[in-house]
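Here is the structure we will look at.
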There are 2 protein chains.
Amino acid sequence: MEPKKWTQLWLDYHKMYEGQKSWIIAVTGFDKENKVLRNALSEFEKGILAMTLETVTEEVSADALTFTISQNRTLPIEGYRIDGSHDGILLEAFDEKGVLYGVFAILRQIACGKRATEVEENAAPTNPLRMMNHWDNMDGSIERGYSGESFFYVNEEIVIDDRTRDYARFMASIGINGIVINNVNVKGAASYLITDRYFDKVKELSDIFEGYGIKLYMSLNFASPIELGGLDTCDPLDKDVISWWEDKIKEVYDRLPGFGGFLVKADSEGRPGPFTYGRTQADGANMLADVIKPYGGIIIWRCFVYNCTQDWRDTKTDRARAGYDYFKDLDGAYHDNVILQIKNGPMDFQIREPVSPLLGGLMHTNQMLEVQVAQEYTGHQIDLCYLIPMYKEVLDFHTHCNRGKDTVADVVSGRTMGNKLGGMAAVINTGNDENWTGNDLAAANLYGFGRLSFNTRLTSEEIAKEWIAQTFNLPEKESDILCSMLLRSREIYEKYTSPLGIGWMVTPMGHYGPSVDGYEYSRWGTYHRADHLGIGVDRTDKGTGYAQQYYEENAKMYNDPNTCPEELLLFFHHIPYTWKLKTGKTLMQHIYDSHFEGEEEARGLAADWDKLKEVIPAESFDRVKKRFDLQLDNAREWRDQVNSYFYRKSMIPDEKGRTIY
Amino acid sequence: MEPKKWTQLWLDYHKMYEGQKSWIIAVTGFDKENKVLRNALSEFEKGILAMTLETVTEEVSADALTFTISQNRTLPIEGYRIDGSHDGILLEAFDEKGVLYGVFAILRQIACGKRATEVEENAAPTNPLRMMNHWDNMDGSIERGYSGESFFYVNEEIVIDDRTRDYARFMASIGINGIVINNVNVKGAASYLITDRYFDKVKELSDIFEGYGIKLYMSLNFASPIELGGLDTCDPLDKDVISWWEDKIKEVYDRLPGFGGFLVKADSEGRPGPFTYGRTQADGANMLADVIKPYGGIIIWRCFVYNCTQDWRDTKTDRARAGYDYFKDLDGAYHDNVILQIKNGPMDFQIREPVSPLLGGLMHTNQMLEVQVAQEYTGHQIDLCYLIPMYKEVLDFHTHCNRGKDTVADVVSGRTMGNKLGGMAAVINTGNDENWTGNDLAAANLYGFGRLSFNTRLTSEEIAKEWIAQTFNLPEKESDILCSMLLRSREIYEKYTSPLGIGWMVTPMGHYGPSVDGYEYSRWGTYHRADHLGIGVDRTDKGTGYAQQYYEENAKMYNDPNTCPEELLLFFHHIPYTWKLKTGKTLMQHIYDSHFEGEEEARGLAADWDKLKEVIPAESFDRVKKRFDLQLDNAREWRDQVNSYFYRKSMIPDEKGRTIY
């Protein structure tokens, strides 16, 4: 088998300017043998050489530049300060990870157009935890993966090669400090990751990560005491179960000293959990947390718990309510090394959802925001959909939990409650495709998530520009075209898919392409309730009461269709097609217009891409062009199916007389 | 691995009466070493002993009964005459197969209540060919199989054991004389069935079949010259291709002297075929037929050719037209050892379709009727659906091709045109489940198809009673209950699923359970075109013109919604929900009523089954009871989804005010 090639993503250092000077590196306060520091220096050397043609030597010469690295314990943890001058660059850092992030910051600034002597930044991560969640299975498949197979696993074996190291570099370069290496649905071989079968290989992987300041985490099978231990229960309050976990976790830390902890999906979509034994989610999480605490480990407990065998006839049960209903009452009961990981919205990664009311609804519990960089419902990395604006909306959302520090960014970073654990996690969009993310442009989401988790104040545009500069090093005009494509793309995808926050309407199972009624009569709790007269789910105080899970300001806003943000109108209200929107259009006309516009604007994206043919490497250009061809088919299919569905149901004609089938 | 058990289906000879006489067998005119004859005699011995406790000896004694078998060349091929008297039974037969069928007839009559001395029948098969088509794949899976895995194949090997022999017995007992052993979609290992890799095992299987009067056939990969022969074409007019087939078919007959011929699915749903090379279907079929003719083989060419990448927006293309459009013009062009195998309806085995206009539309071509005993669209052998009444309707349908001999039964039997080749084929419903057919009651379809293909004049009720008697030997009251269940079941299934011949509305891919719009925006050519005002496909002369493919009497009848049989109204017409049916109900009310009734009547079936608890063997009773539980869930789901769909779309309330969601 020929060795697989892979791209260097945003670390494909382009030549930025001629230099021909030499650099001398001076390190003070750090151990030069430290792995992280060594990796940082090696990256500096590689990047500076490629981008400026300068050399790094140990010879002092008259015009040599100095890269001075020194420890500064007054900076925040993982923080750094960089300052370029005619003499070279000063990099101060709290710790070796700060050095690593500082080096990547220097290289980023050069890639974005600054000279080495001009770089300048004072930074520290906003979020304590910045994590990637791999939904990789050990047979090599990836749940909701759209970029090939896993690069961690082949045939139930862990694979470690140069690609693994590059992957760790990429993650470090955007500030990621934790990686969960296996799917939250832990089955089969993956249950054995915490056994001798895999310890050696996991240790090897963990060592590579460690060199890049990344802790290795694993998803855990809550039923391990049964499946691995031969017990007949996994009741978290059972003494034998606790004792089994004590032994097991001791063993884990004996073999993997730098291990971060566990991510747990329990009582969710068929996974086992504490509910089976009449215990609370807190009982489950706290038991594991207590056992892992002596080793400095943490338990990240997912809040994606809902009834996935709902009867579609039942209009009282509301899946959107489930997270809050299950977790809010236990606020404060979770031990301090437990973090609840909460999806951005109450449903499941739709193109538009309100922010989960659990975020900030919990006021005495560590919280982590979970987003999905993998484009499950947002176009399978075929359709262009730059997701950073969505994440920004979530982070900037005022929960009203607390005057002054009430945004989601405040809550998960720890600013609101002064807690130490929290942050952001993303379901990653990578695979073993040559370009890592299927669509080359989907790497902007991977990059962007990391950057945003490191610094939630960055704008979507800043991130897009950074990514474009580092990846393609385009002339300004072309950079602007690509930046605009990214920034328009989410709204375009939203326009041609499901309207005004209602979500779904997607082909069951696969989740690509339209099927307006695909989930309407299903057990998944995901309904649009469209009839001849209107559409939407009444989640007000007269409906399911979901809106009342928010703090009062938001509850009031959402409860009234006149104040509810229109992009979420159908999420919160059942609205007649004749309802007048603020634009003056009826709801029905809005649906028609937005679908026609969305499809047209998708064509605009593809046309813009064609303008970049001369400046994008041919392989990359062609790959993306093929994706746009597919996106246009998809957009047309969505447009026509959604419009036809509503026309046939409502019989309200399009005011503009366009073709509806 | 423990050996699998399996039931004896309708050959589970029950004790019928006390006898205590002995039988002497006297054979004249036949070779007693003939395999078929030997199998016939062994079956007689087994059956007569089990049912009457009589013994078969060679000792002549005063009160011994004689089973006299003699050849009578004045009877039709495969024909027999049985005549019981106080001396015993006389069985005359044209050939050994006639003897075999006669023996099974004797045992059937005894099982149905006659004494051995009273049996009487004069019979010969209506159809020259009576075939089973297995859609078994060589990996053991069965396409559209609902009874476990294949009993022919495990892991790409052919398995031959006692079960194989029992299977052949069952088939012979109902008159089957041809079996196609592999899926019409021939891929992978199955392409190699005509190579050394499998010849020995196929020969072994063929020998077993031969002993029961059954010829072995195979489905063929039209692209074999490419895949096996390494040619770069499979153009049927290419010399190298023809020459390759000549060599290959010689090889096949060298190794399998009794081989029957090939079934071919070409140019259909992605399968290769003559269209690829700009050739006609006749070019493809005739080439193979000419090559196989010297060996007495035949080519059965399926007419299931249509565009399966239709754009749902396209209302002019009509899948229903495709078979006739592709095959009618070439009527008369097919060589005399070609048979066109035509599905009963123009679409694909829906619970209600009109009869294919190709049947009898072709007047100079051998035709075979294909039905699907496997319950793909008719309940997956979970829901009870006795299909014989449907087959009877098809056979009795007057095509008007010819005064006097114009039914489908006339056409396929050869009576209409005086041709020698034709008959009936069924996609079989068996698998390696203990009871062969998943649902024990689905065996009635398997049995019934065979009996009906042997004698198309049998009624659905006669067949049901025969099957019940032989399988369960019930008291009259209970037999009547079960018989009534079978006879009601098809209409019940039809009532709770898609209305008035429109079909589909089924979950895509799996084809079990409702999804009203599941195929509405798909590429499969299967649409209901429902909107706020009405539903149905206009296939009249003002629509797709499909109705005009029939002879004039039928074309006229179907073309007018007032004369169109109402059970097919939506197949032929787009009808407003307010349309008055002959019952006085509106179409909408009919949909509501039939769905409520269907679900209720399904509950009636389940309740009837419970009445049989005492008289049905426990294992069998329980298996079927579990299926009824699932059927009731399914019926309820269909009822509510279909009713809700139409209510939400039309907003016409149910006159009876029942709950619609």
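Residues are referred to by chain and number: the chain letter is A, B, ... according to the order shown in the structure tokens, the number counts from 1 in that chain, and ligands are numbered separately from 1 in the order shown.
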Give me, as CSV, the closest atom pair and its distance (Å, one decimal) for every residue of chain B within a cut-off of 7 Å of chain A, counting only C-alpha atoms, rows sorted by chain and rising number.
```
residue,atom,partner,partner_atom,distance
B:Arg313,CA,A:Tyr661,CA,6.0
B:Asp517,CA,A:Asp517,CA,6.8
B:Tyr521,CA,A:Gln641,CA,6.8
B:Asp531,CA,A:Arg648,CA,4.3
B:His532,CA,A:Lys649,CA,5.0
B:Gln641,CA,A:Tyr521,CA,6.8
B:Arg648,CA,A:Asp531,CA,4.3
B:Lys649,CA,A:His532,CA,5.0
B:Ser650,CA,A:His532,CA,6.6
B:Met651,CA,A:His532,CA,6.4
B:Tyr661,CA,A:Arg313,CA,6.0
```
Which of stretch 352-502 of chain A fall in alpha helix (DSSP H), as a PyMOL selection string: chain A and resi 388-396+408-413+443-454+460-472+476-496
For each of B:Glu599, B:Asp560, B:Asp254, B:Asp166, take the minimum atom-to-atom distance to B:Val642, counting only C-alpha atoms, then give the residue where this is smallest.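 With only C-alpha atoms as the atom set, the closest residue is B:Glu599.
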Between atom CA of B:Arg539 and atom CA of B:His574, measure the distance and give it in Å to one decimal.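 So the answer is 8.5 Å.
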Using only C-alpha atoms, which protein or nucleic acid residues come within 10 Å of B:Asp480? Drop anything in the same chain fewer than 5 positions from it, and give the result as a PDB file with N, CA, C and O atoms, in the first residue's frame.
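Output file out.pdb follows:
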```pdb
ATOM      1  N   ALA B 464     -56.622 -22.438   0.075  1.00  0.00           N
ATOM      2  CA  ALA B 464     -56.467 -22.167   1.508  1.00  0.00           C
ATOM      3  C   ALA B 464     -56.854 -23.394   2.332  1.00  0.00           C
ATOM      4  O   ALA B 464     -56.150 -23.776   3.276  1.00  0.00           O
ATOM      5  N   LYS B 465     -57.961 -23.995   1.962  1.00  0.00           N
ATOM      6  CA  LYS B 465     -58.429 -25.157   2.727  1.00  0.00           C
ATOM      7  C   LYS B 465     -57.466 -26.330   2.632  1.00  0.00           C
ATOM      8  O   LYS B 465     -57.200 -27.007   3.617  1.00  0.00           O
ATOM      9  N   ILE B 468     -54.473 -25.516   4.802  1.00  0.00           N
ATOM     10  CA  ILE B 468     -54.784 -25.616   6.234  1.00  0.00           C
ATOM     11  C   ILE B 468     -54.870 -27.080   6.657  1.00  0.00           C
ATOM     12  O   ILE B 468     -54.289 -27.486   7.663  1.00  0.00           O
ATOM     13  N   LEU B 474     -56.953 -29.136  11.052  1.00  0.00           N
ATOM     14  CA  LEU B 474     -57.842 -28.553  12.059  1.00  0.00           C
ATOM     15  C   LEU B 474     -59.259 -29.109  11.979  1.00  0.00           C
ATOM     16  O   LEU B 474     -59.712 -29.491  10.899  1.00  0.00           O
ATOM     17  N   PRO B 475     -59.975 -29.081  13.116  1.00  0.00           N
ATOM     18  CA  PRO B 475     -61.421 -29.341  13.076  1.00  0.00           C
ATOM     19  C   PRO B 475     -62.100 -28.305  12.171  1.00  0.00           C
ATOM     20  O   PRO B 475     -61.568 -27.214  11.960  1.00  0.00           O
ATOM     21  N   MET B 485     -59.655 -15.970   7.810  1.00  0.00           N
ATOM     22  CA  MET B 485     -58.565 -15.033   8.070  1.00  0.00           C
ATOM     23  C   MET B 485     -57.719 -14.818   6.818  1.00  0.00           C
ATOM     24  O   MET B 485     -57.420 -13.684   6.430  1.00  0.00           O
ATOM     25  N   LEU B 486     -57.357 -15.928   6.207  1.00  0.00           N
ATOM     26  CA  LEU B 486     -56.539 -15.815   5.000  1.00  0.00           C
ATOM     27  C   LEU B 486     -57.280 -15.025   3.919  1.00  0.00           C
ATOM     28  O   LEU B 486     -56.724 -14.114   3.308  1.00  0.00           O
TER      29      LEU B 486
END
```
Any idea what the distance is between atom CA of B:Ala223 and atom CA of B:Val305?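 One can read the atom CA of B:Ala223 to atom CA of B:Val305 distance as 16.6 Å.
With only C-alpha atoms as the atoms that count, the residue of B:Glu601, B:Glu18, B:Glu246, B:Asp593 with the shortest distance to B:Lys656 is B:Asp593.
Between atom CA of B:Arg108 and atom CA of B:Glu491 the interatomic distance comes to 28.3 Å.
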How would you write, as a VMD selection string, the set of residues in stretch 493-600 of chain A that DSSP gives as strand (DSSP E or B)? chain A and resid 506 514 534 to 535 575 to 576 580 586
Of B:Leu581, B:Gly230, B:Lys495, B:Thr164, the one sitting nearest B:Ser206 when using only C-alpha atoms is B:Thr164
